[in-house]
Amino acid sequence: MENLVILCNASPPLPIPSKLANQSKFSTKPTISFSVKTHPKLTDAHLNSLSKNGRLSEAITALDSIAQSGSKVNSNTYINLLQSCIDLNSIQLGRELHARINLVNDVNPYVETKIVSMYAKCGSLDDARKVFDEMGERNLYTWSAMIGACSRGKRWREVVELFFLMMGNGVVPDSFLFPKVLQACANCGEFETGKLIHSLVVRLGMSCYLFVNNSILAVYVKSGKLSLARKFFENMDERDSVTWNAIISGYCQKGEIEEALRLFDAMLEEGVEPGSVTWNILITSYNQLGQCDVAKELMKKMESFGITPDVFTWTSMISGYAQNNKNNRALDLFKDMLQEGVKPNGVTITNAISACSTLKSLDKGLEIHSVAVKMGLINDLLVGNSLTDMYSKCGELEAAWKVFDMVLEKDVYTWNSMIGGYCQAGYYGKAHQLLMKMQESGVSPNVVTWNMMISGYMQNGDEDQAMDLFQKMENDGKTKRDTASWNALIAGYLQTGQKDKALGIFRQMQSSYVIPNSVTILSVLPACANLIAGKKVKEIHGCVFRRSLETELPIANSLIDTYAKSGNIIYSRTIFDGLASKDIITWNSLIGGYVLHGHADTALVLFDQMKKFGVRPNRGTFANIIVAYSLAGLVDKGEKAFSSITEEYQIIPGLEHYSAMVYLYGRAGRLADAIDFIEEMPIEPDSFTWAALLTACRIHGNIGLAIRAGENLLDLEPGNFLIHQLIFQAYALCGKSEDVSKMTKLEKDNASRKCLGQCWIEVKNTVHTFLAGDQSLDVLYSWIQRIKGEVKGLDMQYGLSIEEEKREEIGGVHSEKLAFAFALIGSPSAPKVIRIVKNLRICGDCHRTAKYISTTYGCEIYLNDSNCLHHFKNGHCSCKDYW
């Protein structure tokens, strides 16, 4: 045994003060004095009687009398008095007894050990440690008392520290103390210390004790060393329910639930009856994995074994359903629990209220609040926090404040719930005031507090205040920004349409070495869904790849959609084909991408494949498919697809489906069918429906119907200047002079609202902007004039000359022509691809010019106008001259 420990000199004994006046904070003055010396046996008997009857105050008075008489107290009597303090949980009387320790005739380690126990069990662990550290001699019981006290206080690292001090003093733990030290190793991750103790247990011959072996097993399990745990488990000569629970729990924590179930069956075969703890371990694990229905079946099976589900079982089930977004089911279970007579605890109430918060169900929240009051749980901090949060999210700020005000010891979550409620309601001033009060109260805001405030100010359009808080949170040195802090700024700028600022913040975020998460990516990707942001999409895709986020389906779906909208449908298809699993959004994103690019046949093939794979189409699918049938000229199939929405899939068609049908008829030139369809619609047509008809009339030359569509559009959007302009042209074409006069006046009234033709093109990583009629670009004008005559001879004008933009003779050269010239003149050789974004619908002349350039210069042109994505190649456009 000498080889097991390293001996060192113990601390020298400290002298015990002889006078009460020399005691430290434990001192008190004697209140009564006697001159007659009392017989020791009578004194001890009297004190023991007082101790036994819990009359400690009288015992203290008696001790003072003894001190006056010069008598002493037996050490066992003094220990009995200390035990009475423990029984009464009176640290005050314990301190007074400690102050009179000089009255004990034999202050031995047992007396001092009892003082350590008294302080620890009466709630003053620091005083217990102080007495322990001042002891001149410590035996096994002393070490056990101190280690046991720290273990009860969950001061795990202190337990491990005491273990090493104990060994250094030449004292070896016994079979009762080793489990406490092993428990501390398991709970604070001291795996190596646990291994050391395992070897000590073997060498000391204590491996025959089951409770010691169970503690060793728990260290291996909680340290994640499952293979070592399993090996140790298999070699155990004796196993009880605690043993099985530990190993089953280990596999559950690793997510290896099937192996946990096999062990459960082996446990039954070995004749060890699983208790409620075993069942709860399995039920909790299934809930954490999101398999709540399987967990519910286990709960039923548990009852069939004669074990009644306890509060932990019910709480696990309620928590599982709530955390897996099955909140109504969670609340049903809470009701069942009460009906079964099981009393909820604070955690149960908290989970049930959380479900109400998510559902914004105030009525059910009020019911659970009343249950919390009846159960005496209203003072529970978790319950108070969850109630504050629930009332805040339900918009009941007065009720939230009442609960908030009742919470005496508020923590950061209490403050955050109330601040979040004010932010959600738009009371950012009050939220900021509460933030100040929070800091004054001594509770430091955490990153969630700051993020709520930043997000709130951004949503309110107060960017300066949001940015000020963003800077302040890190400058004060207390709170480090996290990914959500940056996300709040990005989302705020995107909400106000400031895409460039949002992307700038995204780049700053990366340069600050803050790792973007899926929320970041899903925020910034839609901001790049245009033709001049293709390189930005690739940049973000690279970030996705580096962060290993490409397997997350929402991100993959967003990439498919964004690549398509930025003109790279091939990239979209590559991502689609590489996905191991696809949902309906994945299919819709690629089908919609092909429709956008005018590839109707590919979109329809994908639709058939989707159905073969058993994926059920949804509303978004049919909106795309009807347009695909339009592009392919398959009117009959488009009609069947529309009918199947209701008849086969029991989906109520929306306005997007009705406008798609008008587009189907209009593109095919069946204008009578289109107007009949609109008149028979069960819901009022929206502006998209009338716009689809107006486009058809414009292309197919039906001026009367064009005026009708335009007038209906004007009723829906009276402030839209473009509609005014289209109707003005239509009236002029049909010779309705009175109406032209009326529209001219409207045009003058709306002059300030005119929308100037504008386009953007990216060349050499720089985005250039062009405005219609810009007179400062002489070199571009000469090039445009040179090709003008060649383009006119390319094909004949068709349809009605109704355009969103004024004719070039009036408003000057259109912006896209300037962009064409800039792209072609600025390069030594013609670029392979030209990408342009335009704010208005491209006119017929510019459309013909783009077709001419694609043939003459051998390049592809992607031009996204306000209505359509045009892909010009070899003199043809993907829109097939219908836009």
# chains A, B, ... in the order shown; residues from 1 in each chain; ligands from 1
>>> select_by_dssp(residues="stretch 782-868 of chain A", states="strand (DSSP E or B)", output="ChimeraX atom specification")
/A:833-838,860-864
>>> atom_distance(atom1="atom CA of A:Ile248", atom2="atom CA of A:Phe264")
7.1 Å
>>> closest_residue(among="A:Thr695, A:Asn214, A:Asn451, A:Ser589", to="A:Trp244", atoms="only C-alpha atoms")
A:Asn214
>>> residues_around(residues="stretch 610-616 of chain A", least_positions_apart="3", cutoff="12 Å", atoms="only C-alpha atoms", output="number ranges by chain")
A: 581-588, 590-591, 603-607, 619-622, 645, 648-651
>>> write_last_selection(atoms="N, CA, C and O atoms", output="JSON list (two decimals), in the first residue's frame")
[["chain", "number", "residue", "atom", "x", "y", "z"],
["A", 581, "SER", "N", -31.10, 13.22, -50.84],
["A", 581, "SER", "CA", -32.54, 13.27, -50.58],
["A", 581, "SER", "C", -33.09, 14.60, -51.10],
["A", 581, "SER", "O", -32.39, 15.61, -51.10],
["A", 582, "LYS", "N", -34.34, 14.56, -51.55],
["A", 582, "LYS", "CA", -34.98, 15.75, -52.12],
["A", 582, "LYS", "C", -36.39, 15.86, -51.55],
["A", 582, "LYS", "O", -37.06, 14.85, -51.36],
["A", 583, "ASP", "N", -36.81, 17.08, -51.29],
["A", 583, "ASP", "CA", -38.19, 17.29, -50.87],
["A", 583, "ASP", "C", -38.94, 18.03, -51.99],
["A", 583, "ASP", "O", -38.38, 18.31, -53.05],
["A", 584, "ILE", "N", -40.18, 18.37, -51.74],
["A", 584, "ILE", "CA", -41.00, 19.01, -52.77],
["A", 584, "ILE", "C", -40.42, 20.37, -53.17],
["A", 584, "ILE", "O", -40.49, 20.77, -54.33],
["A", 585, "ILE", "N", -39.77, 21.05, -52.21],
["A", 585, "ILE", "CA", -39.18, 22.36, -52.52],
["A", 585, "ILE", "C", -38.01, 22.18, -53.49],
["A", 585, "ILE", "O", -37.80, 23.01, -54.38],
["A", 586, "THR", "N", -37.25, 21.10, -53.33],
["A", 586, "THR", "CA", -36.13, 20.83, -54.24],
["A", 586, "THR", "C", -36.64, 20.69, -55.66],
["A", 586, "THR", "O", -36.12, 21.31, -56.60],
["A", 587, "TRP", "N", -37.67, 19.85, -55.84],
["A", 587, "TRP", "CA", -38.24, 19.62, -57.18],
["A", 587, "TRP", "C", -38.82, 20.92, -57.73],
["A", 587, "TRP", "O", -38.60, 21.27, -58.90],
["A", 588, "ASN", "N", -39.58, 21.63, -56.92],
["A", 588, "ASN", "CA", -40.19, 22.88, -57.38],
["A", 588, "ASN", "C", -39.15, 23.92, -57.80],
["A", 588, "ASN", "O", -39.34, 24.65, -58.77],
["A", 590, "LEU", "N", -36.10, 23.43, -59.03],
["A", 590, "LEU", "CA", -35.49, 23.14, -60.34],
["A", 590, "LEU", "C", -36.52, 23.26, -61.46],
["A", 590, "LEU", "O", -36.22, 23.80, -62.54],
["A", 591, "ILE", "N", -37.74, 22.77, -61.24],
["A", 591, "ILE", "CA", -38.79, 22.91, -62.26],
["A", 591, "ILE", "C", -39.03, 24.38, -62.56],
["A", 591, "ILE", "O", -39.09, 24.81, -63.71],
["A", 603, "ALA", "N", -38.76, 20.83, -67.86],
["A", 603, "ALA", "CA", -39.57, 21.03, -66.65],
["A", 603, "ALA", "C", -40.66, 19.96, -66.55],
["A", 603, "ALA", "O", -40.91, 19.40, -65.47],
["A", 604, "LEU", "N", -41.29, 19.64, -67.70],
["A", 604, "LEU", "CA", -42.36, 18.64, -67.69],
["A", 604, "LEU", "C", -41.83, 17.23, -67.47],
["A", 604, "LEU", "O", -42.49, 16.41, -66.81],
["A", 605, "VAL", "N", -40.63, 16.95, -67.98],
["A", 605, "VAL", "CA", -40.00, 15.64, -67.72],
["A", 605, "VAL", "C", -39.72, 15.49, -66.23],
["A", 605, "VAL", "O", -39.97, 14.43, -65.64],
["A", 606, "LEU", "N", -39.21, 16.56, -65.62],
["A", 606, "LEU", "CA", -38.95, 16.54, -64.17],
["A", 606, "LEU", "C", -40.24, 16.33, -63.38],
["A", 606, "LEU", "O", -40.26, 15.62, -62.37],
["A", 607, "PHE", "N", -41.32, 16.94, -63.85],
["A", 607, "PHE", "CA", -42.62, 16.78, -63.18],
["A", 607, "PHE", "C", -43.04, 15.31, -63.18],
["A", 607, "PHE", "O", -43.49, 14.79, -62.15],
["A", 619, "ARG", "N", -49.08, 23.36, -54.29],
["A", 619, "ARG", "CA", -49.58, 24.54, -55.00],
["A", 619, "ARG", "C", -48.51, 25.15, -55.90],
["A", 619, "ARG", "O", -48.78, 25.52, -57.05],
["A", 620, "GLY", "N", -47.28, 25.26, -55.36],
["A", 620, "GLY", "CA", -46.19, 25.85, -56.14],
["A", 620, "GLY", "C", -45.86, 25.05, -57.38],
["A", 620, "GLY", "O", -45.50, 25.62, -58.43],
["A", 621, "THR", "N", -45.97, 23.72, -57.28],
["A", 621, "THR", "CA", -45.67, 22.87, -58.42],
["A", 621, "THR", "C", -46.60, 23.19, -59.58],
["A", 621, "THR", "O", -46.16, 23.38, -60.73],
["A", 622, "PHE", "N", -47.90, 23.28, -59.29],
["A", 622, "PHE", "CA", -48.88, 23.47, -60.36],
["A", 622, "PHE", "C", -48.78, 24.85, -60.99],
["A", 622, "PHE", "O", -49.00, 25.01, -62.20],
["A", 645, "ILE", "N", -55.78, 19.88, -59.92],
["A", 645, "ILE", "CA", -55.44, 20.53, -58.64],
["A", 645, "ILE", "C", -56.52, 20.24, -57.62],
["A", 645, "ILE", "O", -56.24, 19.86, -56.47],
["A", 648, "GLU", "N", -57.90, 15.77, -58.24],
["A", 648, "GLU", "CA", -56.98, 14.68, -57.87],
["A", 648, "GLU", "C", -56.24, 14.96, -56.57],
["A", 648, "GLU", "O", -56.01, 14.06, -55.77],
["A", 649, "TYR", "N", -55.87, 16.23, -56.36],
["A", 649, "TYR", "CA", -55.01, 16.54, -55.21],
["A", 649, "TYR", "C", -55.72, 17.32, -54.11],
["A", 649, "TYR", "O", -55.10, 17.64, -53.09],
["A", 650, "GLN", "N", -57.00, 17.61, -54.29],
["A", 650, "GLN", "CA", -57.81, 18.29, -53.27],
["A", 650, "GLN", "C", -57.15, 19.58, -52.76],
["A", 650, "GLN", "O", -57.15, 19.90, -51.57],
["A", 651, "ILE", "N", -56.58, 20.33, -53.70],
["A", 651, "ILE", "CA", -55.99, 21.63, -53.37],
["A", 651, "ILE", "C", -56.89, 22.72, -53.94],
["A", 651, "ILE", "O", -57.33, 22.63, -55.08]]
